[in-house]
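> Contents of work.csv (CSV, C-alpha atoms) are below:
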```csv
chain,number,residue,atom,x,y,z
Q,1,MET,CA,-18.0,-7.2,7.9
Q,2,PRO,CA,-15.9,-8.7,5.1
Q,3,GLN,CA,-17.4,-11.7,3.3
Q,4,SER,CA,-15.7,-14.9,4.4
Q,5,LYS,CA,-16.8,-17.1,1.5
Q,6,LEU,CA,-16.8,-16.5,-2.2
Q,7,SER,CA,-20.5,-16.2,-3.0
Q,8,ILE,CA,-21.7,-15.4,-6.5
Q,9,LYS,CA,-22.3,-11.8,-5.4
Q,10,VAL,CA,-18.7,-11.5,-4.2
Q,11,LEU,CA,-17.4,-13.1,-7.4
Q,12,VAL,CA,-19.4,-10.7,-9.5
Q,13,PHE,CA,-18.3,-7.6,-7.6
Q,14,CYS,CA,-14.6,-8.8,-7.8
Q,15,ALA,CA,-15.0,-9.5,-11.5
Q,16,MET,CA,-16.4,-6.0,-12.1
Q,17,CYS,CA,-13.5,-4.5,-10.2
Q,18,ILE,CA,-11.0,-6.5,-12.3
Q,19,ALA,CA,-12.7,-5.5,-15.5
Q,20,LEU,CA,-12.6,-1.8,-14.5
Q,21,ALA,CA,-9.0,-2.1,-13.5
Q,22,THR,CA,-8.2,-3.7,-16.9
Q,23,VAL,CA,-10.1,-1.1,-18.9
Q,24,THR,CA,-8.7,1.9,-17.0
Q,25,GLY,CA,-5.3,0.3,-17.2
Q,26,MET,CA,-5.5,0.4,-21.0
Q,27,VAL,CA,-5.8,4.2,-20.8
Q,28,LYS,CA,-2.1,5.2,-20.4
Q,29,LEU,CA,-1.6,8.8,-19.3
Q,30,PHE,CA,2.1,8.1,-19.6
Q,31,ARG,CA,4.0,5.0,-20.8
Q,32,PHE,CA,7.6,4.6,-19.8
Q,33,PRO,CA,9.9,3.3,-22.5
Q,34,THR,CA,11.2,0.3,-20.6
Q,35,GLY,CA,8.0,-0.7,-18.9
Q,36,GLY,CA,5.5,0.7,-16.4
Q,37,SER,CA,2.9,3.3,-17.0
Q,38,ILE,CA,0.7,5.8,-15.3
Q,39,THR,CA,-2.9,4.9,-16.0
Q,40,LEU,CA,-6.4,6.3,-15.4
Q,41,ALA,CA,-6.5,5.2,-11.7
Q,42,SER,CA,-6.6,1.5,-12.6
Q,43,THR,CA,-4.9,0.6,-9.3
Q,44,LEU,CA,-7.8,2.0,-7.4
Q,45,PHE,CA,-10.1,-0.5,-8.9
Q,46,ALA,CA,-7.6,-3.3,-8.3
Q,47,THR,CA,-7.7,-2.4,-4.6
Q,48,LEU,CA,-11.4,-2.4,-4.2
Q,49,PRO,CA,-12.1,-6.2,-3.9
Q,50,GLY,CA,-9.9,-6.4,-0.8
Q,51,TYR,CA,-11.4,-3.2,0.6
Q,52,PHE,CA,-14.9,-4.6,0.0
Q,53,PHE,CA,-14.5,-8.2,1.0
Q,54,GLY,CA,-11.3,-8.7,3.0
Q,55,PRO,CA,-7.8,-10.1,2.2
Q,56,ILE,CA,-8.7,-13.5,0.7
Q,57,PRO,CA,-11.0,-12.2,-2.1
Q,58,GLY,CA,-8.7,-9.2,-2.5
Q,59,LEU,CA,-5.6,-11.4,-3.0
Q,60,ILE,CA,-7.4,-13.8,-5.3
Q,61,SER,CA,-8.7,-10.8,-7.3
Q,62,GLY,CA,-5.2,-9.3,-7.5
Q,63,ILE,CA,-3.7,-12.6,-8.8
Q,64,ALA,CA,-6.6,-12.8,-11.4
Q,65,TYR,CA,-5.9,-9.2,-12.4
Q,66,GLY,CA,-2.2,-10.0,-12.7
Q,67,LEU,CA,-2.8,-13.1,-14.9
Q,68,LEU,CA,-5.1,-11.0,-17.1
Q,69,HIS,CA,-2.5,-8.3,-17.3
Q,70,ALA,CA,0.2,-10.9,-18.2
Q,71,PHE,CA,-2.1,-12.3,-20.9
Q,72,ILE,CA,-3.0,-8.9,-22.4
Q,73,ASN,CA,0.4,-7.2,-22.2
Q,74,PRO,CA,3.1,-9.8,-21.4
Q,75,PHE,CA,6.8,-9.1,-20.8
Q,76,ILE,CA,8.1,-12.4,-19.4
Q,77,LEU,CA,11.8,-13.2,-19.2
Q,78,THR,CA,11.7,-16.2,-16.8
Q,79,PRO,CA,9.0,-18.0,-14.8
Q,80,LEU,CA,10.2,-16.5,-11.5
Q,81,GLN,CA,10.2,-13.0,-13.0
Q,82,ALA,CA,6.6,-13.6,-14.2
Q,83,ILE,CA,5.6,-14.8,-10.7
Q,84,ILE,CA,7.1,-11.6,-9.1
Q,85,ASP,CA,5.8,-9.2,-11.7
Q,86,TYR,CA,2.3,-10.6,-12.4
Q,87,GLY,CA,1.6,-12.7,-9.4
Q,88,PHE,CA,3.1,-11.1,-6.3
Q,89,ALA,CA,3.0,-7.5,-7.5
Q,90,PHE,CA,-0.7,-7.6,-8.5
Q,91,ALA,CA,-1.7,-9.8,-5.5
Q,92,ALA,CA,-0.3,-6.9,-3.4
Q,93,TYR,CA,-3.5,-5.0,-4.1
Q,94,GLY,CA,-5.4,-7.5,-2.1
Q,95,LEU,CA,-3.5,-6.3,1.0
Q,96,SER,CA,-6.2,-3.6,1.2
Q,97,GLY,CA,-8.4,-6.2,2.7
Q,98,PHE,CA,-6.5,-6.1,6.0
Q,99,PHE,CA,-7.8,-2.5,6.4
Q,100,CYS,CA,-11.4,-3.0,5.2
Q,101,GLN,CA,-12.9,-2.3,8.6
Q,102,LYS,CA,-10.6,0.5,9.6
Q,103,LYS,CA,-11.3,4.2,9.6
Q,104,LYS,CA,-9.8,5.5,6.3
Q,105,GLY,CA,-9.4,1.9,5.4
Q,106,LEU,CA,-9.5,2.5,1.6
Q,107,LEU,CA,-6.8,5.1,1.8
Q,108,ILE,CA,-4.5,3.2,4.1
Q,109,GLY,CA,-5.1,-0.1,2.3
Q,110,TYR,CA,-4.4,1.6,-1.0
Q,111,LEU,CA,-1.1,3.1,0.2
Q,112,VAL,CA,0.0,-0.2,1.8
Q,113,SER,CA,-0.9,-2.1,-1.4
Q,114,SER,CA,0.9,0.4,-3.5
Q,115,ILE,CA,4.0,0.2,-1.4
Q,116,ALA,CA,3.9,-3.6,-1.6
Q,117,ARG,CA,3.4,-3.4,-5.4
Q,118,TRP,CA,6.4,-1.1,-5.6
Q,119,PHE,CA,8.5,-3.5,-3.6
Q,120,PHE,CA,7.8,-6.4,-6.0
Q,121,ALA,CA,8.4,-4.2,-9.0
Q,122,PHE,CA,11.6,-3.0,-7.4
Q,123,LEU,CA,12.7,-6.5,-6.7
Q,124,SER,CA,12.0,-7.6,-10.3
Q,125,GLY,CA,13.7,-4.6,-11.7
Q,126,TRP,CA,16.8,-5.1,-9.5
Q,127,ILE,CA,17.1,-8.8,-10.4
Q,128,TYR,CA,16.0,-8.9,-14.0
Q,129,PHE,CA,16.1,-5.4,-15.5
Q,130,GLY,CA,19.4,-4.0,-14.3
Q,131,GLU,CA,20.7,-3.7,-17.9
Q,132,TYR,CA,18.4,-0.8,-18.4
Q,133,ALA,CA,19.9,1.2,-15.5
Q,134,TRP,CA,20.6,4.8,-16.4
Q,135,GLU,CA,24.3,5.7,-17.0
Q,136,GLY,CA,26.1,6.0,-13.6
Q,137,TRP,CA,23.2,4.4,-11.7
Q,138,GLY,CA,23.5,1.1,-9.8
Q,139,THR,CA,20.8,-1.5,-10.4
Q,140,ILE,CA,19.3,-1.1,-6.9
Q,141,ALA,CA,19.0,2.7,-7.1
Q,142,TYR,CA,17.8,2.6,-10.6
Q,143,SER,CA,15.1,0.0,-9.9
Q,144,ALA,CA,14.0,1.8,-6.8
Q,145,VAL,CA,13.7,5.2,-8.5
Q,146,TYR,CA,12.3,4.0,-11.8
Q,147,ASN,CA,9.5,2.0,-10.2
Q,148,LEU,CA,8.8,4.8,-7.7
Q,149,ILE,CA,8.3,7.2,-10.6
Q,150,TYR,CA,5.5,5.3,-12.3
Q,151,ILE,CA,3.9,3.7,-9.3
Q,152,GLY,CA,4.2,6.9,-7.3
Q,153,GLY,CA,2.7,8.9,-10.2
Q,154,GLU,CA,-0.3,6.5,-10.2
Q,155,VAL,CA,-0.6,6.9,-6.4
Q,156,VAL,CA,-0.7,10.7,-6.7
Q,157,ILE,CA,-3.6,10.4,-9.3
Q,158,VAL,CA,-5.5,8.0,-7.2
Q,159,LEU,CA,-5.1,10.1,-4.0
Q,160,LEU,CA,-6.4,13.1,-6.0
Q,161,VAL,CA,-9.4,11.0,-7.2
Q,162,LEU,CA,-10.0,9.8,-3.6
Q,163,SER,CA,-9.9,13.4,-2.3
Q,164,ILE,CA,-13.1,14.2,-4.2
Q,165,PRO,CA,-15.9,13.8,-1.6
Q,166,ALA,CA,-18.3,12.4,-4.2
Q,167,VAL,CA,-15.9,9.7,-5.2
Q,168,GLU,CA,-15.3,8.6,-1.6
Q,169,HIS,CA,-19.0,8.7,-0.9
Q,170,SER,CA,-19.8,6.7,-4.0
Q,171,ILE,CA,-17.2,4.0,-3.1
Q,172,GLN,CA,-18.7,3.7,0.4
Q,173,LYS,CA,-22.2,3.3,-1.1
Q,174,ILE,CA,-20.9,0.6,-3.5
Q,175,LYS,CA,-19.2,-1.2,-0.6
Q,176,GLU,CA,-22.5,-1.1,1.4
Q,177,ALA,CA,-24.3,-2.7,-1.5
Q,178,ALA,CA,-21.5,-5.2,-2.0
Q,179,VAL,CA,-21.4,-6.5,1.5
Q,180,SER,CA,-25.2,-6.3,2.3
Q,181,LYS,CA,-26.9,-9.6,2.9
Q,182,SER,CA,-29.6,-9.1,0.2
```
Please express the file's structure as structure tokens.


Amino acid sequence: MPQSKLSIKVLVFCAMCIALATVTGMVKLFRFPTGGSITLASTLFATLPGYFFGPIPGLISGIAYGLLHAFINPFILTPLQAIIDYGFAFAAYGLSGFFCQKKKGLLIGYLVSSIARWFFAFLSGWIYFGEYAWEGWGTIAYSAVYNLIYIGGEVVIVLLVLSIPAVEHSIQKIKEAAVSKS
């Protein structure tokens, strides 16, 4: 059962997930020249608060992670672009909370969260970063493909990590500890 209130225990687990997402996000397996990177599965850790505790703690954690990301590595053109790139795009990881009680909830929640993250990155790219479009590409196609490459690359890595039975088992054990009443 997801936690409905933000207890100290919930806050500590969410803070640990944000810290792990931030640290693994600094390990860039590939950095794209005009923004975006494939990291050491940082998005998996960003998805865990929602998966552990439901959508509200997940969305709040996602926003906190986005604000931290904006503070550490900002690329802000306008306030609305910052809200899309650092608010909505990172809050999207909290959507995993809607699947926290489903069979294969982490996998489904991660995929839904990643698709939503891609949508907001695409939207920002289309509106604000069209000048970087590859020669012969329209801004919509460019933004769709560019963001799919780095977000999709990250998704592939996380899916490979989640396919390791020991990882899935460990995450389930951590979730049990996180949601236990003691």

> Take CA of Arg31 in chain Q and CA of Ser114 in chain Q and report the distance between them in Å, one decimal.

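So the two atoms, CA of Arg31 in chain Q and CA of Ser114 in chain Q, lie 18.2 Å apart.
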
> Do you know which residues are at most 8 Å from Leu59 in chain Q counting all atoms listed in the file, after dropping those on the same chain fewer than 4 positions away, and could you put them as a PyMOL selection string?

chain Q and resi 50+55+63+91-95

> Any idea what the distance is between CA of Leu160 in chain Q and CA of Gly87 in chain Q?

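Separating CA of Leu160 in chain Q from CA of Gly87 in chain Q is a distance of 27.2 Å.
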
> Which residue is closest to Leu29 in chain Q? Choose from Q:Val179, Q:Ile157, Q:Ala121, Q:Ala116 and count all atoms listed in the file.

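Of all the options, Q:Ile157 lies closest to Leu29 in chain Q.
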
> If we draw a sphere of 10 Å around (-25.4, -9.2, 1.8), which residues have at least one atom in it when counting all atoms listed in the file? Please report them as a count of residues only.

12

> Name the closest residue to Phe119 in chain Q among the candidates Q:Leu159, Q:Met16, Q:Ile151, Q:Cys100; distances are taken between atoms, counting all atoms listed in the file.

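Checking each of Q:Leu159, Q:Met16, Q:Ile151, Q:Cys100 against Phe119 in chain Q, counting all atoms listed in the file, the winner is Q:Ile151.
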
> Find the residue from Q:Phe45, Q:Tyr150, Q:Phe120, Q:Phe129 that sits nearest to Thr24 in chain Q; use all atoms listed in the file when measuring.

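Smallest separation from Thr24 in chain Q among the options: Q:Phe45.
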
> Which of these, Q:Thr34, Q:Leu162, Q:Lys5, Q:Ile83, has the shortest distance to Ala133 in chain Q once you count only C-alpha atoms?

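The shortest atom-to-atom distance to Ala133 in chain Q comes from Q:Thr34.
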
> Mind pulling up the distance from CA of Glu131 in chain Q to CA of Leu77 in chain Q?

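One can read the CA of Leu77 in chain Q to CA of Glu131 in chain Q distance as 13.1 Å.
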
> Using only C-alpha atoms, which of the listed residues (Q:Ala19, Q:Trp118, Q:Pro57, Q:Phe32) sits closest to Leu6 in chain Q?

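Closest to Leu6 in chain Q, using only C-alpha atoms: Q:Pro57.
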
> I'd like to know which of Q:Lys104, Q:His69, Q:Arg117, Q:Lys175 is closest to Ser163 in chain Q, using all atoms listed in the file.

Q:Lys104

> Tell me, as a list in words, which residues lie within 12 Å of Leu20 in chain Q, counting all atoms listed in the file; anything in the same chain fewer than 6 positions away does not count.

Phe13, Cys14, Met26, Val27, Thr39, Leu40, Ala41, Ser42, Thr43, Leu44, Phe45, Ala46, Thr47, Leu48, Pro49 and Tyr65 of chain Q

> Skipping near chain neighbours, those fewer than 4 positions away, what residues fall within 12 Å of Ser124 in chain Q using all atoms listed in the file, listed as a compact mmCIF listing (two decimals) with C-alpha atoms, in the coordinates of the input?


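Produced file part-v2.txt, reproduced below:
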```txt
# COMPACT_ATOMS: atom_id res chain seq x y z
CA GLY Q 35 8.00 -0.70 -18.90
CA PHE Q 75 6.80 -9.10 -20.80
CA ILE Q 76 8.10 -12.40 -19.40
CA LEU Q 77 11.80 -13.20 -19.20
CA THR Q 78 11.70 -16.20 -16.80
CA PRO Q 79 9.00 -18.00 -14.80
CA LEU Q 80 10.20 -16.50 -11.50
CA GLN Q 81 10.20 -13.00 -13.00
CA ALA Q 82 6.60 -13.60 -14.20
CA ILE Q 83 5.60 -14.80 -10.70
CA ILE Q 84 7.10 -11.60 -9.10
CA ASP Q 85 5.80 -9.20 -11.70
CA TYR Q 86 2.30 -10.60 -12.40
CA GLY Q 87 1.60 -12.70 -9.40
CA PHE Q 88 3.10 -11.10 -6.30
CA ALA Q 89 3.00 -7.50 -7.50
CA ARG Q 117 3.40 -3.40 -5.40
CA TRP Q 118 6.40 -1.10 -5.60
CA PHE Q 119 8.50 -3.50 -3.60
CA PHE Q 120 7.80 -6.40 -6.00
CA TYR Q 128 16.00 -8.90 -14.00
CA PHE Q 129 16.10 -5.40 -15.50
CA GLY Q 130 19.40 -4.00 -14.30
CA THR Q 139 20.80 -1.50 -10.40
CA ILE Q 140 19.30 -1.10 -6.90
CA TYR Q 142 17.80 2.60 -10.60
CA SER Q 143 15.10 0.00 -9.90
CA ALA Q 144 14.00 1.80 -6.80
CA TYR Q 146 12.30 4.00 -11.80
CA ASN Q 147 9.50 2.00 -10.20
```

> Excluding Ala141 in chain Q and residues on its chain fewer than 6 positions from it, collect all residues at most 12 Å away from it, counting all atoms listed in the file, and give them as a PyMOL selection string.

chain Q and resi 122-123+125-126+130+132-135+147-148
